[in-house]
>>> print(open('my_file.csv').read())   # CSV, C-alpha atoms
chain,number,residue,atom,x,y,z
R,1142,MET,CA,53.4,60.1,129.8
R,1143,ALA,CA,56.3,62.5,130.0
R,1144,ARG,CA,55.8,65.8,128.1
R,1145,ARG,CA,58.7,67.2,126.1
R,1146,ASN,CA,59.9,70.6,127.2
R,1147,THR,CA,58.7,72.9,124.5
R,1148,ASN,CA,61.3,75.5,125.3
R,1149,ARG,CA,64.1,73.0,124.6
R,1150,ARG,CA,65.8,73.1,121.2
R,1151,VAL,CA,64.7,70.2,119.0
R,1152,GLY,CA,67.7,68.0,118.4
R,1153,ILE,CA,68.7,65.1,116.2
R,1154,ALA,CA,67.7,62.6,118.9
R,1155,ASP,CA,64.1,63.9,118.7
R,1156,VAL,CA,64.0,63.4,115.0
R,1157,ALA,CA,65.5,60.0,115.3
R,1158,GLU,CA,62.9,58.9,117.9
R,1159,LYS,CA,60.0,60.3,115.8
R,1160,ALA,CA,61.2,58.6,112.6
R,1161,GLY,CA,62.2,55.4,114.4
R,1162,VAL,CA,65.8,55.5,113.0
R,1163,SER,CA,69.3,55.9,114.4
R,1164,HIS,CA,71.0,59.3,115.1
R,1165,ALA,CA,73.5,58.4,112.3
R,1166,THR,CA,70.7,58.0,109.8
R,1167,VAL,CA,69.2,61.3,110.6
R,1168,SER,CA,72.6,62.9,110.2
R,1169,ARG,CA,73.1,61.3,106.8
R,1170,VAL,CA,69.7,62.5,105.6
R,1171,MET,CA,70.3,66.0,106.8
R,1172,ASN,CA,73.7,66.1,105.1
R,1173,GLY,CA,72.2,64.9,101.8
R,1174,ASN,CA,73.8,61.5,101.8
R,1175,ALA,CA,72.2,59.7,98.8
R,1176,ALA,CA,73.0,56.2,100.2
R,1177,VAL,CA,70.0,56.3,102.6
R,1178,ASP,CA,66.9,54.4,101.4
R,1179,PRO,CA,64.5,56.9,99.8
R,1180,GLY,CA,61.6,55.8,102.0
R,1181,ILE,CA,63.5,56.1,105.2
R,1182,ALA,CA,64.9,59.5,104.1
R,1183,ALA,CA,61.4,60.7,103.4
R,1184,ARG,CA,60.3,59.6,106.9
R,1185,VAL,CA,63.2,61.4,108.5
R,1186,ARG,CA,62.4,64.6,106.6
R,1187,ALA,CA,58.8,64.5,107.5
R,1188,ALA,CA,59.7,64.0,111.2
R,1189,ALA,CA,62.0,67.0,110.9
R,1190,VAL,CA,59.3,69.2,109.4
R,1191,GLU,CA,56.8,68.2,112.0
R,1192,LEU,CA,59.2,68.9,114.9
R,1193,LYS,CA,60.4,72.1,113.2
R,1194,TYR,CA,64.0,70.8,113.5
R,1195,GLN,CA,66.8,73.1,112.4
R,1196,PRO,CA,70.2,71.5,111.9
R,1197,ASN,CA,73.0,73.0,114.0
R,1198,PRO,CA,75.2,74.8,111.5
R,1199,VAL,CA,78.4,74.2,113.6
R,1200,GLY,CA,77.6,70.5,114.0
R,1201,ARG,CA,76.8,70.2,110.3
R,1202,SER,CA,80.1,71.9,109.3
R,1203,LEU,CA,82.0,69.4,111.5
R,1204,ALA,CA,80.2,66.5,110.1
R,1205,LEU,CA,80.8,67.6,106.5
R,1206,GLY,CA,84.4,68.8,107.2
R,1207,LYS,CA,83.5,72.2,105.6
R,1208,THR,CA,82.2,75.6,106.7
R,1209,ASP,CA,81.2,77.2,103.4
R,1210,THR,CA,83.4,80.1,104.5
R,1211,ILE,CA,86.7,81.4,103.3
R,1212,GLY,CA,89.1,83.8,105.1
R,1213,ILE,CA,90.9,86.8,103.6
R,1214,VAL,CA,93.8,88.6,105.4
R,1215,VAL,CA,94.5,92.1,104.3
R,1216,PRO,CA,97.2,94.6,105.5
R,1217,ASP,CA,94.9,97.6,105.7
R,1218,LEU,CA,91.1,97.4,105.3
R,1219,ALA,CA,90.9,101.2,105.3
R,1220,ASN,CA,92.6,101.2,101.9
R,1221,PRO,CA,90.0,101.3,99.1
R,1222,THR,CA,92.1,99.0,97.0
R,1223,PHE,CA,91.7,96.2,99.5
R,1224,GLN,CA,88.0,97.1,100.0
R,1225,ALA,CA,87.4,96.6,96.3
R,1226,ILE,CA,89.3,93.3,96.2
R,1227,LEU,CA,87.2,92.1,99.1
R,1228,ARG,CA,84.0,93.2,97.5
R,1229,GLY,CA,84.8,91.3,94.3
R,1230,LEU,CA,85.7,88.2,96.3
R,1231,SER,CA,82.6,88.4,98.5
R,1232,ILE,CA,80.2,88.9,95.6
R,1233,ALA,CA,81.7,86.0,93.6
R,1234,ALA,CA,81.8,83.7,96.7
R,1235,ALA,CA,78.2,84.5,97.7
R,1236,GLN,CA,77.0,83.3,94.3
R,1237,ASP,CA,78.3,79.9,95.2
R,1238,GLY,CA,76.9,80.0,98.7
R,1239,TYR,CA,80.1,80.9,100.5
R,1240,ARG,CA,80.7,83.6,103.1
R,1241,VAL,CA,84.0,85.6,103.7
R,1242,LEU,CA,85.7,86.1,107.0
R,1243,ILE,CA,87.9,89.2,107.1
R,1244,ALA,CA,91.1,89.7,109.1
R,1245,ASP,CA,93.0,93.0,109.0
R,1246,SER,CA,96.7,92.9,110.1
R,1247,SER,CA,96.9,96.8,110.3
R,1248,GLU,CA,100.3,96.7,108.5
R,1249,VAL,CA,101.7,94.7,111.4
R,1250,THR,CA,103.8,92.0,109.7
R,1251,SER,CA,104.1,89.8,112.8
R,1252,GLU,CA,100.3,89.5,113.0
R,1253,GLU,CA,99.8,88.1,109.5
R,1254,ALA,CA,100.8,84.5,110.1
R,1255,ILE,CA,98.7,84.4,113.3
R,1256,LEU,CA,95.7,85.8,111.6
R,1257,ALA,CA,96.1,83.5,108.6
R,1258,GLY,CA,96.4,80.4,110.8
R,1259,GLU,CA,93.3,81.4,112.8
R,1260,ALA,CA,91.3,82.0,109.6
R,1261,ARG,CA,92.3,78.6,108.2
R,1262,ARG,CA,91.2,76.8,111.3
R,1263,ARG,CA,87.8,78.4,110.9
R,1264,CYS,CA,87.4,78.4,107.2
R,1265,ASP,CA,87.7,76.1,104.1
R,1266,GLY,CA,90.5,78.1,102.6
R,1267,VAL,CA,92.5,81.4,102.9
R,1268,VAL,CA,93.2,84.3,100.6
R,1269,LEU,CA,96.3,86.2,101.6
R,1270,CYS,CA,96.0,89.7,100.0
R,1271,ALA,CA,99.3,91.6,99.6
R,1272,PRO,CA,101.0,90.0,102.7
R,1273,ARG,CA,103.9,92.0,104.1
R,1274,MET,CA,105.7,89.0,105.6
R,1275,ALA,CA,109.2,88.0,104.5
R,1276,ASP,CA,109.6,85.5,101.6
R,1277,ALA,CA,111.1,82.8,103.8
R,1278,GLU,CA,108.2,83.1,106.3
R,1279,LEU,CA,105.6,82.9,103.4
R,1280,GLU,CA,107.3,79.8,102.0
R,1281,GLU,CA,107.1,78.1,105.4
R,1282,LEU,CA,103.5,79.2,106.1
R,1283,ALA,CA,101.9,78.5,102.8
R,1284,PRO,CA,101.7,74.7,102.9
R,1285,THR,CA,99.8,74.9,106.2
R,1286,LEU,CA,97.1,77.1,104.8
R,1287,HIS,CA,95.9,75.1,101.7
R,1288,PRO,CA,93.6,75.7,100.0
R,1289,LEU,CA,95.4,79.1,99.6
R,1290,VAL,CA,95.3,81.9,97.0
R,1291,LEU,CA,97.9,84.7,97.0
R,1292,ILE,CA,97.2,88.2,95.8
R,1293,ASN,CA,100.2,90.4,94.9
R,1294,ARG,CA,102.7,87.7,96.1
R,1295,THR,CA,104.0,84.4,94.7
R,1296,THR,CA,105.5,81.3,96.3
R,1297,ILE,CA,107.7,78.7,94.8
R,1298,ALA,CA,107.5,76.0,97.6
R,1299,THR,CA,103.8,75.0,97.1
R,1300,ASN,CA,101.2,74.6,94.4
R,1301,THR,CA,99.5,77.9,95.2
R,1302,PRO,CA,97.6,80.0,92.7
R,1303,SER,CA,98.7,83.6,92.7
R,1304,LEU,CA,97.3,86.8,91.2
R,1305,SER,CA,99.6,89.7,90.7
R,1306,VAL,CA,100.0,93.1,89.0
R,1307,ASP,CA,103.0,94.2,87.1
R,1308,TYR,CA,103.7,97.2,89.3
R,1309,GLY,CA,107.2,97.5,87.9
R,1310,GLN,CA,105.9,98.1,84.4
R,1311,GLY,CA,103.1,100.4,85.7
R,1312,ILE,CA,105.5,102.7,87.5
R,1313,GLN,CA,107.8,102.9,84.5
R,1314,GLU,CA,104.9,103.9,82.3
R,1315,LEU,CA,103.9,106.6,84.7
R,1316,ALA,CA,107.5,107.9,84.8
R,1317,GLN,CA,107.7,107.8,81.0
R,1318,HIS,CA,104.5,109.8,80.9
R,1319,LEU,CA,106.0,112.6,83.1
R,1320,VAL,CA,109.2,112.6,81.0
R,1321,SER,CA,107.2,112.9,77.8
R,1322,LEU,CA,105.7,116.0,79.2
R,1323,GLY,CA,109.1,117.5,79.7
R,1324,HIS,CA,109.8,116.7,83.4
R,1325,ARG,CA,113.5,116.0,84.2
R,1326,ARG,CA,113.5,116.0,88.0
R,1327,LEU,CA,111.2,113.3,89.5
R,1328,VAL,CA,110.5,111.9,93.0
R,1329,PHE,CA,109.1,108.6,94.0
R,1330,LEU,CA,107.3,108.5,97.3
R,1331,SER,CA,107.9,104.9,98.2
R,1332,GLY,CA,105.5,102.6,100.1
R,1333,PRO,CA,105.8,100.4,103.1
R,1334,GLU,CA,109.2,98.8,103.6
R,1335,HIS,CA,107.8,95.2,103.6
R,1336,SER,CA,105.4,95.7,100.7
R,1337,ALA,CA,106.2,93.3,97.8
R,1338,SER,CA,104.5,95.7,95.3
R,1339,ASN,CA,106.7,98.5,96.5
R,1340,ARG,CA,109.8,96.4,95.8
R,1341,GLN,CA,108.5,95.7,92.3
R,1342,ARG,CA,108.1,99.5,91.8
R,1343,LEU,CA,111.7,100.0,92.9
R,1344,VAL,CA,113.0,97.4,90.5
R,1345,GLY,CA,111.0,99.0,87.7
R,1346,LEU,CA,112.4,102.4,88.5
R,1347,ASP,CA,116.0,101.0,88.6
R,1348,GLN,CA,115.3,99.9,85.0
R,1349,PHE,CA,113.9,103.3,84.2
R,1350,ARG,CA,117.0,105.0,85.5
R,1351,ALA,CA,119.2,102.7,83.4
R,1352,GLU,CA,117.3,103.6,80.3
R,1353,HIS,CA,117.1,107.4,81.1
R,1354,PRO,CA,120.4,108.4,82.7
R,1355,GLU,CA,119.5,112.1,81.9
R,1356,ILE,CA,116.6,112.0,84.3
R,1357,GLU,CA,117.1,112.9,88.0
R,1358,LEU,CA,115.0,110.5,90.1
R,1359,GLU,CA,115.0,110.8,93.9
R,1360,LEU,CA,113.4,108.3,96.4
R,1361,LEU,CA,111.6,109.6,99.5
R,1362,HIS,CA,109.9,107.5,102.1
R,1363,GLY,CA,106.1,107.9,101.8
R,1364,GLY,CA,103.9,105.2,103.2
R,1365,SER,CA,100.6,103.9,102.0
R,1366,ASN,CA,97.9,106.2,103.3
R,1367,PHE,CA,96.6,109.8,103.0
R,1368,ASP,CA,98.5,111.0,106.1
R,1369,SER,CA,101.8,109.8,104.8
R,1370,GLY,CA,101.3,111.7,101.6
R,1371,HIS,CA,100.3,114.8,103.4
R,1372,GLU,CA,103.3,114.6,105.7
R,1373,SER,CA,105.7,114.4,102.8
R,1374,THR,CA,104.7,117.8,101.4
R,1375,GLU,CA,107.6,119.8,102.7
R,1376,ALA,CA,110.1,117.2,101.6
R,1377,ILE,CA,108.6,117.2,98.1
R,1378,ILE,CA,108.7,121.0,97.9
R,1379,ALA,CA,112.3,121.0,99.1
R,1380,SER,CA,113.3,118.4,96.5
R,1381,GLY,CA,112.8,120.8,93.6
R,1382,ALA,CA,111.2,118.0,91.6
R,1383,THR,CA,108.4,118.9,89.1
R,1384,GLY,CA,107.0,115.4,88.7
R,1385,ILE,CA,105.9,113.1,91.6
R,1386,LEU,CA,105.3,109.4,91.5
R,1387,ALA,CA,103.3,108.4,94.6
R,1388,PHE,CA,103.1,104.8,95.8
R,1389,ASN,CA,99.4,104.8,95.5
R,1390,ASP,CA,96.3,107.0,95.1
R,1391,LEU,CA,95.9,107.6,98.8
R,1392,VAL,CA,99.4,108.9,99.1
R,1393,ALA,CA,98.9,111.1,96.1
R,1394,MET,CA,95.7,112.5,97.5
R,1395,GLY,CA,97.3,113.4,100.8
R,1396,LEU,CA,100.1,115.2,98.8
R,1397,LEU,CA,97.5,117.1,96.7
R,1398,SER,CA,96.0,118.4,99.9
R,1399,GLY,CA,99.3,119.4,101.4
R,1400,LEU,CA,100.4,121.2,98.2
R,1401,HIS,CA,97.1,123.0,98.0
R,1402,GLU,CA,97.5,124.2,101.7
R,1403,ARG,CA,100.9,125.7,100.8
R,1404,GLY,CA,99.7,127.4,97.6
R,1405,ILE,CA,101.5,125.0,95.2
R,1406,ARG,CA,99.4,124.6,92.1
R,1407,VAL,CA,98.9,121.1,90.5
R,1408,PRO,CA,99.7,120.7,87.7
R,1409,GLU,CA,100.9,124.2,86.9
R,1410,ASP,CA,103.7,124.1,89.5
R,1411,ILE,CA,104.1,120.4,90.1
R,1412,SER,CA,102.6,117.2,88.5
R,1413,VAL,CA,101.4,114.3,90.7
R,1414,THR,CA,100.6,110.7,89.8
R,1415,GLY,CA,99.1,107.9,91.9
R,1416,PHE,CA,98.6,104.2,91.4
R,1417,ASP,CA,95.6,101.8,91.6
R,1418,ASP,CA,92.8,104.1,90.2
R,1419,ILE,CA,90.6,103.8,93.3
R,1420,PRO,CA,87.0,105.1,92.8
R,1421,PHE,CA,87.9,108.5,94.3
R,1422,ALA,CA,90.9,109.1,92.0
R,1423,LYS,CA,88.8,110.7,89.2
R,1424,TYR,CA,87.1,113.1,91.6
R,1425,THR,CA,90.1,114.7,93.2
R,1426,THR,CA,91.0,118.4,92.4
R,1427,PRO,CA,92.5,118.1,89.9
R,1428,PRO,CA,91.5,114.6,88.8
R,1429,LEU,CA,94.4,112.2,89.4
R,1430,THR,CA,96.6,110.7,86.7
R,1431,THR,CA,97.2,107.1,87.8
R,1432,ALA,CA,97.8,103.5,86.8
R,1433,ALA,CA,94.6,101.6,86.8
R,1434,VAL,CA,94.6,98.1,88.4
R,1435,PRO,CA,91.6,95.8,87.9
R,1436,ILE,CA,90.9,95.5,91.6
R,1437,ASN,CA,87.4,94.1,91.4
R,1438,GLU,CA,88.5,91.5,88.9
R,1439,LEU,CA,91.3,90.4,91.3
R,1440,GLY,CA,88.7,89.6,93.9
R,1441,SER,CA,86.4,87.6,91.7
R,1442,LEU,CA,89.3,85.7,90.1
R,1443,ALA,CA,90.7,84.9,93.6
R,1444,TRP,CA,87.4,83.2,94.4
R,1445,ARG,CA,87.5,81.2,91.1
R,1446,ARG,CA,91.0,80.0,91.9
R,1447,MET,CA,89.8,79.1,95.5
R,1448,ARG,CA,86.7,77.3,94.2
R,1449,GLU,CA,88.8,75.2,91.9
R,1450,GLN,CA,91.0,74.0,94.8
R,1451,ILE,CA,88.0,73.2,97.0
R,1452,GLN,CA,86.3,71.2,94.3
R,1453,GLN,CA,89.5,69.3,93.7
R,1454,ALA,CA,89.5,68.2,97.3
R,1455,GLY,CA,93.2,67.9,97.7
R,1456,GLU,CA,94.0,66.4,94.3
R,1457,ALA,CA,97.2,67.6,92.6
R,1458,SER,CA,96.6,70.7,90.4
R,1459,ILE,CA,98.6,73.0,88.1
R,1460,GLN,CA,99.8,76.2,89.8
R,1461,ALA,CA,98.0,79.1,88.2
R,1462,GLN,CA,99.8,82.4,88.0
R,1463,ASP,CA,97.7,85.3,86.7
R,1464,GLU,CA,99.4,88.6,86.0
R,1465,PHE,CA,97.6,91.9,85.2
R,1466,SER,CA,99.1,94.9,83.4
R,1467,PRO,CA,98.1,98.3,84.8
R,1468,ARG,CA,96.7,100.9,82.4
R,1469,VAL,CA,97.8,104.5,82.7
R,1470,GLU,CA,94.8,106.9,83.1
R,1471,ILE,CA,95.9,110.4,82.1
R,1472,ARG,CA,93.9,113.1,83.9
R,1473,LYS,CA,94.5,116.7,84.9
R,1474,SER,CA,97.0,116.3,87.7
R,1475,THR,CA,99.9,116.1,85.2
R,1476,ALA,CA,101.1,118.7,82.6
R,1477,ALA,CA,104.2,120.1,81.2
R,1478,PRO,CA,106.5,121.8,83.8
R,1479,ALA,CA,106.2,125.5,84.0
R,1480,LEU,CA,109.1,127.5,82.6
R,1481,ARG,CA,111.1,129.0,85.4
R,1482,PRO,CA,113.4,132.0,85.1
R,1483,ALA,CA,117.1,131.1,85.4
R,1484,SER,CA,118.5,131.9,88.9
>>> encode(input="my_file.csv", output="structure tokens")
Amino acid sequence: MARRNTNRRVGIADVAEKAGVSHATVSRVMNGNAAVDPGIAARVRAAAVELKYQPNPVGRSLALGKTDTIGIVVPDLANPTFQAILRGLSIAAAQDGYRVLIADSSEVTSEEAILAGEARRRCDGVVLCAPRMADAELEELAPTLHPLVLINRTTIATNTPSLSVDYGQGIQELAQHLVSLGHRRLVFLSGPEHSASNRQRLVGLDQFRAEHPEIELELLHGGSNFDSGHESTEAIIASGATGILAFNDLVAMGLLSGLHERGIRVPEDISVTGFDDIPFAKYTTPPLTTAAVPINELGSLAWRRMREQIQQAGEASIQAQDEFSPRVEIRKSTAAPALRPAS
């Protein structure tokens, strides 16, 4: 009698032979198909236990047409805002037995569509977080990625849930805060050119200008990270502005560091605001005035919107558009401008 090689992985054929059933029957039992006769199913499970059979997860995913994994594409995983969104998404998904595959486009717009497509082929759905791609490209790509959830973008061409923040309103409220303190010369350190949230900030500031023609507001290119804020220090000092609106908290932190190196006091000489309220914002020196965004909630809600689509299994659904309003957190990086002697 031939002896089975004990070093060989036990497969579905072994279980089928042991239980006296077909390969297909074993597959149906292992995948939880309730149509199999209970007695036969019990015999198959007993054989699997005796043989210490472990289903191949890849094969099981192919058989079920699902991977229990979703993908998320972010523009910069080094940014704590995207880390917090990912954390909220991962925790919520894990509670339903799903894992999260992460792709970072490193702010390279041309990589986003490629990464999103690869993620969709490997996952049951995709979350696009703050994609930088052009509107036309997003409209063309979105139908190929379903189930899809968008964060900080919307699309009109498909039935795609979107989660967004009213960045325009948030930046206006920060500007209004500086004006209420007495600042009359402001600078906005803008974010990445392809950032939709940066465009929303610019629209909000256009409205602010129209409502406050007496306020001088200058735009300077900033970026989205600590280094870009630090590198803008000389331009900020040269602008003569007393109130600074940074694209986000990281840019604001870089600027705080640069100003400190040059002996410029915050807020005595110049006031600085950020955006997002990342966990470090309250621990800067001085603590940073910013607009708080519910970043953890964005991640958990993204999972709920994804789960709804997966459970509907392709059925028509109503497009959900959730918008959050930032909340201004006033801390010690802003104050009334110092009185300066007339030149």
>>> residues_near_point(input="my_file.csv", point="(83.7, 80.9, 108.1)", cutoff="6 Å", atoms="all atoms listed in the file", output="CSV table (one decimal) with C-alpha atoms, in the frame of the given file")
chain,number,residue,atom,x,y,z
R,1208,THR,CA,82.2,75.6,106.7
R,1210,THR,CA,83.4,80.1,104.5
R,1211,ILE,CA,86.7,81.4,103.3
R,1242,LEU,CA,85.7,86.1,107.0
R,1263,ARG,CA,87.8,78.4,110.9
R,1264,CYS,CA,87.4,78.4,107.2
>>> closest_residue(input="my_file.csv", among="R:Ile1292, R:Arg1403, R:Val1185, R:Ile1226", to="His1164 of chain R", atoms="only C-alpha atoms")
R:Val1185
>>> closest_residue(input="my_file.csv", among="R:Arg1150, R:Arg1340, R:Arg1261, R:His1335", to="Lys1193 of chain R", atoms="only C-alpha atoms")
R:Arg1150
>>> atom_distance(input="my_file.csv", atom1="atom CA of Ser1369 of chain R", atom2="atom CA of Cys1270 of chain R")
21.5 Å
>>> residues_near_point(input="my_file.csv", point="(108.0, 84.7, 106.2)", cutoff="12 Å", atoms="all atoms listed in the file", output="PyMOL selection string")
chain R and resi 1250-1255+1272-1283+1294+1296+1335
>>> residues_around(input="my_file.csv", residues="Leu1291 of chain R", least_positions_apart="2", cutoff="10 Å", atoms="all atoms listed in the file", output="PyMOL selection string")
chain R and resi 1213+1267-1272+1283+1289+1293-1296+1301-1305+1443+1446-1447+1462
>>> residues_around(input="my_file.csv", residues="Val1151 of chain R", least_positions_apart="2", cutoff="8 Å", atoms="only C-alpha atoms", output="number ranges by chain")
R: 1149, 1153, 1155-1156, 1192-1195
>>> write_last_selection(input="my_file.csv", atoms="C-alpha atoms", output="short mmCIF file (atom, residue, chain, number, x, y, z; two decimals), in the coordinates of the input")
data_model
loop_
_atom_site.label_atom_id
_atom_site.label_comp_id
_atom_site.auth_asym_id
_atom_site.auth_seq_id
_atom_site.Cartn_x
_atom_site.Cartn_y
_atom_site.Cartn_z
CA ARG R 1149 64.10 73.00 124.60
CA ILE R 1153 68.70 65.10 116.20
CA ASP R 1155 64.10 63.90 118.70
CA VAL R 1156 64.00 63.40 115.00
CA LEU R 1192 59.20 68.90 114.90
CA LYS R 1193 60.40 72.10 113.20
CA TYR R 1194 64.00 70.80 113.50
CA GLN R 1195 66.80 73.10 112.40
#
>>> closest_residue(input="my_file.csv", among="R:Gln1348, R:Asn1437, R:Ser1331, R:Thr1426", to="Phe1388 of chain R", atoms="only C-alpha atoms")
R:Ser1331
>>> closest_residue(input="my_file.csv", among="R:Leu1343, R:Ala1432, R:Ala1477, R:Val1241", to="Ala1260 of chain R", atoms="all atoms listed in the file")
R:Val1241
>>> residues_around(input="my_file.csv", residues="segment 1228-1235 of chain R", least_positions_apart="5", cutoff="8 Å", atoms="all atoms listed in the file", output="ChimeraX atom specification")
/R:1240-1241,1436-1445
>>> atom_distance(input="my_file.csv", atom1="atom CA of Ser1321 of chain R", atom2="atom CA of Phe1465 of chain R")
24.2 Å
>>> closest_residue(input="my_file.csv", among="R:Leu1256, R:Leu1330, R:Ile1419, R:Ile1385", to="Asn1220 of chain R", atoms="all atoms listed in the file")
R:Ile1419
>>> closest_residue(input="my_file.csv", among="R:Val1290, R:Ala1183, R:Ile1356, R:Ile1405", to="Glu1449 of chain R", atoms="only C-alpha atoms")
R:Val1290
>>> residues_around(input="my_file.csv", residues="Ile1377 of chain R", least_positions_apart="5", cutoff="12 Å", atoms="only C-alpha atoms", output="ChimeraX atom specification")
/R:1326-1330,1359-1363,1370-1372,1382-1387,1393,1396-1397,1399-1400,1403,1405,1411-1413
>>> atom_distance(input="my_file.csv", atom1="atom CA of Val1344 of chain R", atom2="atom CA of Ser1373 of chain R")
22.2 Å
